[in-house]
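Undergrad: There's a structure below that I have some questions on.
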Amino acid sequence: MSSSIDNAVLVSPSAEVLRAAQILQAGGLVALPTETVYGLGANALNLDAVARVFDVKGRPRFDPLIVHVAELEQVFPFVVEFPQAAQRLAEQFWPGPLTLVLPKTDTISDLVTAAAPTVAIRIPDHPISQSLLKTVQLPIAAPSANLFGRISPTTADHVREQLGDRIDYILDGGPCRVGVESTVLQITADGARLLRPGGVTLEAIEAVIGPVELPPFAKTVSDMALASPGMLPQHYAPRTRLVLANQPEELPATEGNLRVGLLAFRSPPKSKDAFASIEILSATGDLREAAARFFAALRRLDAAGLDLIVAQTFPEEGLGRALNDRLRRAAT
Ligand code: TXA
Ligand code: MG
């Protein structure tokens with residue numbers, strides 16, 4: 001009858017998961033794989049550990065963290081209410097790449113939520129994060145495991161490069177299946193607001209709860225910052241300058257011997273020879289495949305000693321919305 005009990009009996013945690021759980025229980029920091037990107041996890045109830053997450057990432061304290069749990073029952077102590085829309089979304093998309101923002105109880109510290117009256121919660125869908133969350137039996141606060149503002153990690157090696165010497169353990173779960181962060185959705189009394197497009201598409205969400213309010217819902221920049229503190233115009237950025245082009249042929253005329261790289265959605269452009277390096281995300285134009293490869297390809301271009309990266313935009317639908325959002329911020 002209860003499949004979660006069967007799973008707990010059948011799949012006992014690996015030695016690596018047990019070690020990670022012990023470190024988290026002792027207040028340490030563990031990088032953990034999820035289906036979206038790797039997270040930098042800490043016990044959300046241990047304020048010293050949470051403070052270290054901000055310090056290690058160089059993340060401003062005004063940018064709140066997502067709290068990760070293993071199953072739905074663990075959400076209720078942290079939220080004042082769990083409206084019907086949230087229930088329907090949880091049924092449909094959890095575990096999975098959807099984060100719900102709901103009014104919080106005092107059990108979750110203001111440090112985690114950056115003093116917001118709401119908490120962001122997600123149940124990730126990755127066998128290793130599931131096993132870890134079930135074993136540790138704690139809510140785990142976890143931002144993406146990259147330095148603040150930089151490219152999100154989709155492999156354990158990406159985490160090691162940026163944070164390896166600053167954290168206590170890296171749990172390796174292979175490359176992330178989805179490849180872009182979760183969709184962040186605020187549930188309010190009168191509906192739902194999209195705070196960040198991500199791994200669950202807007203179309204799929206609207207099919208379950210009807211129309212969702214899209215940004216900008218606020219008239220001023222500071223209102224918007226209050227609604228979604230982490231959605232800074234600049235984010236996910238490579239060190240190399242990045243510009244957007246709807247078609248690679250729209251390339252800004254480059255002077256001299258600039259080494260230019262291309263991040264292409266599907267087609268190798270006619271002007272192939274103009275590029276020192278080309279990453280094609282999906283030869284067949286599959287947005288899922290493109291998302292899964294996106295951050296790693298951006299990192300490879302960033303490491304290729306280029307003067308400029310030109311990125312082709314995606315169709316503004318499905319996962320293309322999340323990918324365009326990341327591109328725009330990387331290009332700012
Ligand atoms: O897929 C993901 O969401 C990954 C994995 C590790 O779960 N996590 C992630 O975390 O992307 P982070 O910290 O890089 O992005 C979290 C976003 C930020 O934009 C933050 O401002 C927003 O969620 N957020 C968190 N709590 C919030 C709250 N209470 N109200 C509004 N936005 C919130
Ligand atoms: Mg992040």
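Here's how to read the names in the structure tokens: chain A, B, ... by the order shown, residue numbers from 1 in each chain, ligand numbers from 1 in the order shown.
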Segment 113-253 of chain A: which residues are strand (DSSP E) by DSSP, as JSON, numbers by chain?
TA: {"A": [118, 119, 120, 121, 122, 140, 141, 169, 170, 183, 184, 185, 186, 187, 188, 191, 192, 193, 194, 195, 196, 241, 242, 243, 244, 245]}
Undergrad: Kindly provide the residues of chain A that approach ligand 1 to within 6 Å, each paired with its closest atom pair and their distance in Å to one decimal, based on only C-alpha atoms and all ligand atoms, listed by chain and increasing number, as a Markdown table.
TA:
| residue | atom | partner | partner_atom_place_in_ligand_line | distance |
| --- | --- | --- | --- | --- |
| A:Thr36 | CA | ligand 1 | 1 (O) | 4.8 |
| A:Val37 | CA | ligand 1 | 5 (C) | 5.5 |
| A:Tyr38 | CA | ligand 1 | 6 (C) | 5.3 |
| A:Gly39 | CA | ligand 1 | 6 (C) | 3.5 |
| A:Asp63 | CA | ligand 1 | 21 (O) | 4.9 |
| A:Pro64 | CA | ligand 1 | 26 (N) | 4.3 |
| A:Leu65 | CA | ligand 1 | 25 (C) | 4.5 |
| A:Ile66 | CA | ligand 1 | 25 (C) | 4.9 |
| A:Pro97 | CA | ligand 1 | 1 (O) | 6.0 |
| A:Val101 | CA | ligand 1 | 29 (N) | 5.7 |
| A:Thr113 | CA | ligand 1 | 29 (N) | 5.1 |
| A:Ala116 | CA | ligand 1 | 29 (N) | 5.6 |
| A:Thr118 | CA | ligand 1 | 29 (N) | 4.4 |
| A:Val119 | CA | ligand 1 | 29 (N) | 4.0 |
| A:Ala120 | CA | ligand 1 | 26 (N) | 4.4 |
| A:Ala142 | CA | ligand 1 | 6 (C) | 5.4 |
| A:Pro143 | CA | ligand 1 | 13 (O) | 3.3 |
| A:Ser144 | CA | ligand 1 | 14 (O) | 4.1 |
| A:Glu181 | CA | ligand 1 | 1 (O) | 3.4 |
| A:Ser182 | CA | ligand 1 | 1 (O) | 3.7 |
| A:Ala227 | CA | ligand 1 | 31 (C) | 5.7 |
| A:Ser228 | CA | ligand 1 | 32 (N) | 4.4 |
| A:Pro229 | CA | ligand 1 | 21 (O) | 4.4 |
| A:Gly230 | CA | ligand 1 | 21 (O) | 3.0 |
| A:Met231 | CA | ligand 1 | 19 (O) | 4.9 |
Undergrad: Which is closer to Gln25 of chain A than all the others in A:Thr135, A:Val243, A:Gly261, A:Pro127, using only C-alpha atoms?
TA: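 Ranked by minimum distance to Gln25 of chain A, first place goes to A:Thr135.
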Undergrad: Counting only C-alpha atoms, figure out which residue out of A:Pro238, A:Phe275, A:His68, A:His158 gets nearest to Asn257 of chain A.
TA: A:Phe275
Undergrad: May I have the residues within 8 Å of Trp94 of chain A as a list in words, using only C-alpha atoms and disregarding those fewer than 4 positions away in the same chain?
TA: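 The filter keeps Leu89, Ala90, Leu98, Arg122, Ile123, Pro124 and Asp125 of chain A.
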Undergrad: I'd like to know which residues of segment 82-125 of chain A are helix (DSSP H, G or I) (by DSSP, run on the backbone); could you write them as a list in words?
TA: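 Checking each residue of segment 82-125 of chain A, the helix (DSSP H, G or I) ones are Gln84, Ala85, Ala86, Gln87, Arg88, Leu89, Ala90, Glu91, Gln92, Phe93, Asp110, Leu111, Val112 and Thr113 of chain A.
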Undergrad: Since we have the selection now, will you write its residues out, keeping C-alpha atoms, as a tab-separated table (two decimals), in the first residue's frame?
TA:
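Result went into selection20.tsv, see below:
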chain	number	residue	atom	x	y	z
A	84	GLN	CA	-5.88	24.09	-2.76
A	85	ALA	CA	-3.82	25.39	-5.68
A	86	ALA	CA	-0.65	24.33	-3.83
A	87	GLN	CA	-2.13	20.90	-3.15
A	88	ARG	CA	-2.97	20.35	-6.79
A	89	LEU	CA	0.47	21.51	-7.91
A	90	ALA	CA	2.19	19.33	-5.30
A	91	GLU	CA	0.20	16.31	-6.44
A	92	GLN	CA	1.11	16.92	-10.04
A	93	PHE	CA	4.74	18.11	-9.85
A	110	ASP	CA	14.19	34.98	9.01
A	111	LEU	CA	17.78	34.26	8.01
A	112	VAL	CA	16.61	31.53	5.62
A	113	THR	CA	13.87	33.69	4.07
Undergrad: So, with only C-alpha atoms as the atoms that count, which of A:Ala42, A:Arg329, A:Ile108, A:Glu279 lies closest to Phe54 of chain A?
TA: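 Residue with the minimum atom-to-atom distance to Phe54 of chain A: A:Ala42.
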Undergrad: Atom CA of Pro77 of chain A and atom CA of Val208 of chain A, how far apart in Å?
TA: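 Interatomic distance here is 25.0 Å.
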Undergrad: Atom CA of Pro315 of chain A to atom CA of Leu242 of chain A: how many Å, to one decimal?
TA: 18.7 Å
Undergrad: Using only C-alpha atoms for the distances, tell me which of A:Gln22, A:Thr34, A:Ser12, A:Asn324 is nearest to Thr154 of chain A.
TA: A:Thr34
Undergrad: Quick one: of A:Val212, A:Ala145, A:Ala237, A:Ala114, who's nearest to ligand 2, counting only C-alpha atoms and all ligand atoms?
TA: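 Among the listed residues, the smallest separation from ligand 2 belongs to A:Ala145.
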Undergrad: Would you list the contacts of Val184 of chain A as a list in words, taking every protein, DNA or RNA residue within 8 Å and counting only C-alpha atoms, but skipping same-chain residues closer than 6 positions in sequence?
TA: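 Contacts, with the query itself left out: Leu98, Thr99, Leu100, Val101, Ala120, Leu194, Leu195, Arg196, Pro197 and Gly198 of chain A.
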Undergrad: For N, CA, C and O atoms, I'd like the residues from the last selection saved as a PDB file, in the first residue's frame.
TA:
ATOM      1  N   LEU A  98       9.728  22.189  -9.130  1.00  0.00           N
ATOM      2  CA  LEU A  98       8.807  23.280  -8.815  1.00  0.00           C
ATOM      3  C   LEU A  98       9.019  23.692  -7.368  1.00  0.00           C
ATOM      4  O   LEU A  98       9.028  22.845  -6.469  1.00  0.00           O
ATOM      5  N   THR A  99       9.204  25.004  -7.143  1.00  0.00           N
ATOM      6  CA  THR A  99       9.340  25.553  -5.799  1.00  0.00           C
ATOM      7  C   THR A  99       8.113  26.406  -5.513  1.00  0.00           C
ATOM      8  O   THR A  99       7.764  27.271  -6.320  1.00  0.00           O
ATOM      9  N   LEU A 100       7.469  26.147  -4.379  1.00  0.00           N
ATOM     10  CA  LEU A 100       6.279  26.920  -4.017  1.00  0.00           C
ATOM     11  C   LEU A 100       6.628  27.889  -2.888  1.00  0.00           C
ATOM     12  O   LEU A 100       7.253  27.513  -1.900  1.00  0.00           O
ATOM     13  N   VAL A 101       6.224  29.147  -3.056  1.00  0.00           N
ATOM     14  CA  VAL A 101       6.456  30.179  -2.041  1.00  0.00           C
ATOM     15  C   VAL A 101       5.136  30.421  -1.316  1.00  0.00           C
ATOM     16  O   VAL A 101       4.135  30.775  -1.929  1.00  0.00           O
ATOM     17  N   ALA A 120      10.149  29.457   0.627  1.00  0.00           N
ATOM     18  CA  ALA A 120      10.154  28.724  -0.646  1.00  0.00           C
ATOM     19  C   ALA A 120      10.478  27.267  -0.352  1.00  0.00           C
ATOM     20  O   ALA A 120      11.465  26.980   0.328  1.00  0.00           O
ATOM     21  N   LEU A 194       4.390  33.874 -11.086  1.00  0.00           N
ATOM     22  CA  LEU A 194       5.644  33.251 -11.504  1.00  0.00           C
ATOM     23  C   LEU A 194       6.803  34.157 -11.090  1.00  0.00           C
ATOM     24  O   LEU A 194       6.969  35.249 -11.626  1.00  0.00           O
ATOM     25  N   LEU A 195       7.625  33.684 -10.137  1.00  0.00           N
ATOM     26  CA  LEU A 195       8.776  34.490  -9.717  1.00  0.00           C
ATOM     27  C   LEU A 195      10.023  34.139 -10.532  1.00  0.00           C
ATOM     28  O   LEU A 195      10.889  34.972 -10.718  1.00  0.00           O
ATOM     29  N   ARG A 196      10.117  32.889 -10.978  1.00  0.00           N
ATOM     30  CA  ARG A 196      11.257  32.490 -11.822  1.00  0.00           C
ATOM     31  C   ARG A 196      10.808  31.350 -12.740  1.00  0.00           C
ATOM     32  O   ARG A 196      10.342  30.326 -12.243  1.00  0.00           O
ATOM     33  N   PRO A 197      10.932  31.510 -14.056  1.00  0.00           N
ATOM     34  CA  PRO A 197      10.622  30.376 -14.935  1.00  0.00           C
ATOM     35  C   PRO A 197      11.679  29.297 -14.732  1.00  0.00           C
ATOM     36  O   PRO A 197      12.833  29.605 -14.444  1.00  0.00           O
ATOM     37  N   GLY A 198      11.296  28.031 -14.844  1.00  0.00           N
ATOM     38  CA  GLY A 198      12.264  26.963 -14.587  1.00  0.00           C
ATOM     39  C   GLY A 198      11.801  25.635 -15.150  1.00  0.00           C
ATOM     40  O   GLY A 198      11.073  25.588 -16.144  1.00  0.00           O
TER      41      GLY A 198
END
Undergrad: So, with only C-alpha atoms and all ligand atoms as the atoms that count, which of A:Asn46, A:Thr183, A:Ser152, A:Gln137 lies closest to ligand 2?
TA: A:Ser152
Undergrad: As an exercise, work out the distance from atom CA of Tyr236 of chain A to atom CA of Arg288 of chain A in Å and give it to one decimal place.
TA: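 Value for the atom CA of Tyr236 of chain A-atom CA of Arg288 of chain A distance: 18.8 Å.
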